[in-house]
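Asks: Just passing along the structure, written as structure tokens.
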Amino acid sequence: MSKNHCDELYISYLFPPLNKASGITVFKRIAENNKKVDVLQGKFDLSSDFNDYVDNYINERFYVSVDDSLDWTSFIFKFIEKGLNEIKKDYENIYSRSWLMANHFLAFEYKCLNRNVFWTAEFSDPLIYDIHNKKRQFKQMVIDDEKFISKINKEITVFNKNNNSNFKLIENNSMAYFIAEYLVYLFADRIIFTNENQCRFMLNQFPENIRQLVLNKSEIRRHPTLSEDFYKIKNVDLNLDNNKVNIAYFGNEFYSKRHFEALFYAVEALNHKFKDKLKIYIYTSDHDLLKKLIPSDIFSVREPLDYLDFLNATTKFDILIVNDAITKDNFEINPYLPSKLSDYLGSNTDIWALYEDGSSLSQFNLKYKSEINDYDSCLYELVKIIEDRGFCDDDFSIDENYINSRLTNLNDLYEQTFRQKQRLESEIEKLTFENNEIKSSNSWKITKPLRNLKNKK
């Protein structure tokens, strides 16, 4: 490695031009510090207007191309090897953020080679546990490499000796998710969590000595918000009706854990003479499912926007909706904070939070707030929104029977979807059987040389 000096390297495989929340958050950290840095990232054949503005904050980029699944340990090892080969400078500071957790593995390896570097590591979400509070257990993410594990354990042994500590060594065949967290906790010099709940949940999975070590060098920093200038770069035409109360939700999260049932109920159950003044836009790639679930023409489902278009669009609505992941059946505390909130906060548009009780989102001082599973609070917040815009109706009422009809409709939809899935699986099974029958036939065996000739052409 050469001795050319540069101050700071950010390691982020999913960095722009990819339109991924994790990589965009890394850029926002860079912009937040307002200092040019180097970036090591994945190589993607993409173009992006946003990326041109990102360049203003980048001194030099190092590109790594890994032809493998992001969720396999083989990706991690290839990323480490290629990443170290691409880094041509010595740095005083390095930064890594999950997701991907491979970023942390590469940062750890770099620190092992450069003992004096100051490593800042950030977690987007818990790694070891998934959205259902289940340990991630995938055979592709088991690290079965005695040489690699032995190398890590030598580092832990030296760390214990230098710090008069007794942190446990790592066993071979451990999950990469666990190792990534553990390496950050021991060897990172600064650790960033996006919210208090996330920090508490993640550290509660570890013994007291780990918790104290991490707390002494960690900080809570929510996702950054870009400056107002970024919201003005593009000027998108959304074709909105200015006589309506235009409300928008932006997001591609899994519908099962971030959903709109309380919102659907509020809209449909409300009898208000100015209800037709509402227009709610949902920007998501999950549009086929949502179109089946949406009960009213008050809702409009649209395709997601590019990042700069999205930033500008947030300034043109009356209200922006942000919703918590629903965790109460699986977690004692909600460890998630929607990153979308940080973008909304820069728009100067009113925000409506559908929050889970006790979540980090619930602690924000936002103009409109309702509990995500409390239909009544959502409904009355909707009335407040309408009337804040001057559309008052003292005689509004609520259809108490709507929730039962909604549940019936959802059950019908579920049954319909289930039967479609059954028919599809039956067709697949039939085709598989017929395919196997063909391949086991004498005709198939006899014609094999002819097929080989055709393939060679």
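So you can find residues: chains in the structure tokens are A, B, ... in the order shown, residues in each start at 1, and ligands are numbered from 1 in order.
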Would you kindly return, as JSON, numbers by chain, each protein, DNA or RNA residue with an atom no farther than 12 Å from any atom of Phe331 in chain A, considering only C-alpha atoms and excluding same-chain residues fewer than 5 positions away?
Replies: {"A": [129, 130, 131, 132, 133, 134, 197, 198, 200, 201, 202, 325, 326, 336, 356, 357, 358, 359]}
Asks: Could the residues in this selection be saved with N, CA, C and O atoms as a short mmCIF file (atom, residue, chain, number, x, y, z; two decimals), in the first residue's frame?
Replies:
data_model
loop_
_atom_site.label_atom_id
_atom_site.label_comp_id
_atom_site.auth_asym_id
_atom_site.auth_seq_id
_atom_site.Cartn_x
_atom_site.Cartn_y
_atom_site.Cartn_z
N TYR A 129 -30.51 -9.98 14.33
CA TYR A 129 -31.94 -10.28 14.37
C TYR A 129 -32.68 -9.56 13.25
O TYR A 129 -32.37 -8.40 12.93
N ASP A 130 -33.67 -10.25 12.66
CA ASP A 130 -34.42 -9.67 11.56
C ASP A 130 -35.64 -8.91 12.06
O ASP A 130 -35.84 -8.74 13.27
N ILE A 131 -36.48 -8.47 11.14
CA ILE A 131 -37.65 -7.66 11.46
C ILE A 131 -38.65 -8.41 12.34
O ILE A 131 -39.48 -7.81 13.02
N HIS A 132 -38.55 -9.74 12.37
CA HIS A 132 -39.44 -10.56 13.21
C HIS A 132 -38.78 -10.93 14.54
O HIS A 132 -39.31 -11.74 15.28
N ASN A 133 -37.62 -10.32 14.82
CA ASN A 133 -36.85 -10.63 16.02
C ASN A 133 -36.42 -12.10 16.04
O ASN A 133 -36.35 -12.72 17.10
N LYS A 134 -36.12 -12.63 14.88
CA LYS A 134 -35.58 -13.98 14.75
C LYS A 134 -34.13 -13.88 14.32
O LYS A 134 -33.77 -13.04 13.50
N ASN A 197 -33.43 3.19 20.96
CA ASN A 197 -34.01 1.85 21.01
C ASN A 197 -33.15 0.83 20.29
O ASN A 197 -32.98 -0.31 20.74
N GLN A 198 -32.61 1.24 19.14
CA GLN A 198 -31.74 0.36 18.38
C GLN A 198 -30.51 -0.02 19.21
O GLN A 198 -30.14 -1.20 19.29
N ARG A 200 -30.15 0.03 22.51
CA ARG A 200 -30.54 -0.82 23.64
C ARG A 200 -30.79 -2.25 23.19
O ARG A 200 -30.31 -3.22 23.81
N PHE A 201 -31.56 -2.40 22.12
CA PHE A 201 -31.91 -3.75 21.66
C PHE A 201 -30.67 -4.53 21.25
O PHE A 201 -30.50 -5.69 21.64
N MET A 202 -29.81 -3.92 20.46
CA MET A 202 -28.64 -4.63 19.96
C MET A 202 -27.69 -5.00 21.09
O MET A 202 -27.17 -6.13 21.14
N ALA A 325 -42.27 0.60 11.45
CA ALA A 325 -42.40 -0.85 11.33
C ALA A 325 -43.16 -1.34 12.56
O ALA A 325 -42.92 -0.87 13.66
N ILE A 326 -44.09 -2.27 12.36
CA ILE A 326 -44.88 -2.80 13.47
C ILE A 326 -44.11 -3.94 14.12
O ILE A 326 -43.82 -4.95 13.48
N TYR A 336 -36.37 0.30 15.31
CA TYR A 336 -36.25 0.90 13.98
C TYR A 336 -36.69 2.37 13.97
O TYR A 336 -37.62 2.75 14.67
N GLU A 356 -45.66 3.59 16.38
CA GLU A 356 -45.92 2.53 17.36
C GLU A 356 -45.55 3.09 18.74
O GLU A 356 -44.54 3.78 18.88
N ASP A 357 -46.37 2.78 19.74
CA ASP A 357 -46.16 3.33 21.08
C ASP A 357 -44.76 3.00 21.58
O ASP A 357 -44.33 1.85 21.57
N GLY A 358 -44.05 4.03 22.03
CA GLY A 358 -42.71 3.84 22.59
C GLY A 358 -41.60 3.83 21.56
O GLY A 358 -40.42 3.71 21.91
N SER A 359 -41.92 3.97 20.28
CA SER A 359 -40.88 3.95 19.24
C SER A 359 -40.12 5.26 19.21
O SER A 359 -40.55 6.27 19.78
#
Asks: Step one, run DSSP on the backbone; step two, keep only residues of range 169-212 of chain A assigned to strand (DSSP E or B); then write them as a list in words.
Replies: Ser174, Met175, Arg190, Ile191, Ile192 and Phe193 of chain A
Asks: Can you pull out the residues contacting Leu305 in chain A? Cut-off 10 Å, using only C-alpha atoms, and skip same-chain residues under 3 positions away; I want them as a compact mmCIF listing (two decimals) with N, CA, C and O atoms, in the first residue's frame.
Replies:
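So result_20.txt came out as:
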# COMPACT_ATOMS: atom_id res chain seq x y z
N ASN A 19 -29.71 3.92 -6.23
CA ASN A 19 -30.74 4.66 -5.49
C ASN A 19 -31.19 3.82 -4.29
O ASN A 19 -32.35 3.46 -4.14
N VAL A 236 -40.17 18.87 -10.33
CA VAL A 236 -41.02 17.84 -10.93
C VAL A 236 -42.47 18.32 -11.01
O VAL A 236 -42.95 19.03 -10.14
N PHE A 250 -44.01 7.97 0.66
CA PHE A 250 -42.94 7.46 -0.20
C PHE A 250 -42.26 6.31 0.52
O PHE A 250 -41.81 6.47 1.66
N GLY A 251 -42.14 5.18 -0.14
CA GLY A 251 -41.43 4.08 0.51
C GLY A 251 -41.66 2.76 -0.17
O GLY A 251 -42.70 2.52 -0.78
N TYR A 283 -46.34 6.32 -3.22
CA TYR A 283 -45.27 6.03 -4.16
C TYR A 283 -44.53 4.77 -3.68
O TYR A 283 -43.85 4.80 -2.66
N THR A 284 -44.69 3.69 -4.40
CA THR A 284 -44.09 2.43 -3.99
C THR A 284 -43.98 1.48 -5.17
O THR A 284 -44.78 1.54 -6.10
N SER A 285 -43.00 0.59 -5.13
CA SER A 285 -42.87 -0.43 -6.16
C SER A 285 -43.82 -1.59 -5.90
O SER A 285 -44.01 -2.45 -6.76
N ARG A 302 -48.53 5.29 -7.22
CA ARG A 302 -47.60 5.71 -8.26
C ARG A 302 -46.24 5.02 -8.09
O ARG A 302 -45.91 4.54 -7.01
N LEU A 308 -33.55 12.76 -6.43
CA LEU A 308 -33.70 14.22 -6.51
C LEU A 308 -35.13 14.61 -6.83
O LEU A 308 -35.64 15.62 -6.33
N ASP A 309 -35.81 13.82 -7.67
CA ASP A 309 -37.23 14.07 -7.94
C ASP A 309 -38.05 13.91 -6.67
O ASP A 309 -38.96 14.70 -6.39
N PHE A 310 -37.71 12.88 -5.91
CA PHE A 310 -38.40 12.64 -4.64
C PHE A 310 -38.22 13.82 -3.68
O PHE A 310 -39.19 14.29 -3.07
N LEU A 311 -36.99 14.31 -3.55
CA LEU A 311 -36.76 15.43 -2.63
C LEU A 311 -37.60 16.64 -3.03
O LEU A 311 -38.23 17.28 -2.17
N ALA A 313 -40.34 16.59 -4.80
CA ALA A 313 -41.76 16.25 -4.65
C ALA A 313 -42.24 16.44 -3.22
O ALA A 313 -43.38 16.86 -2.98
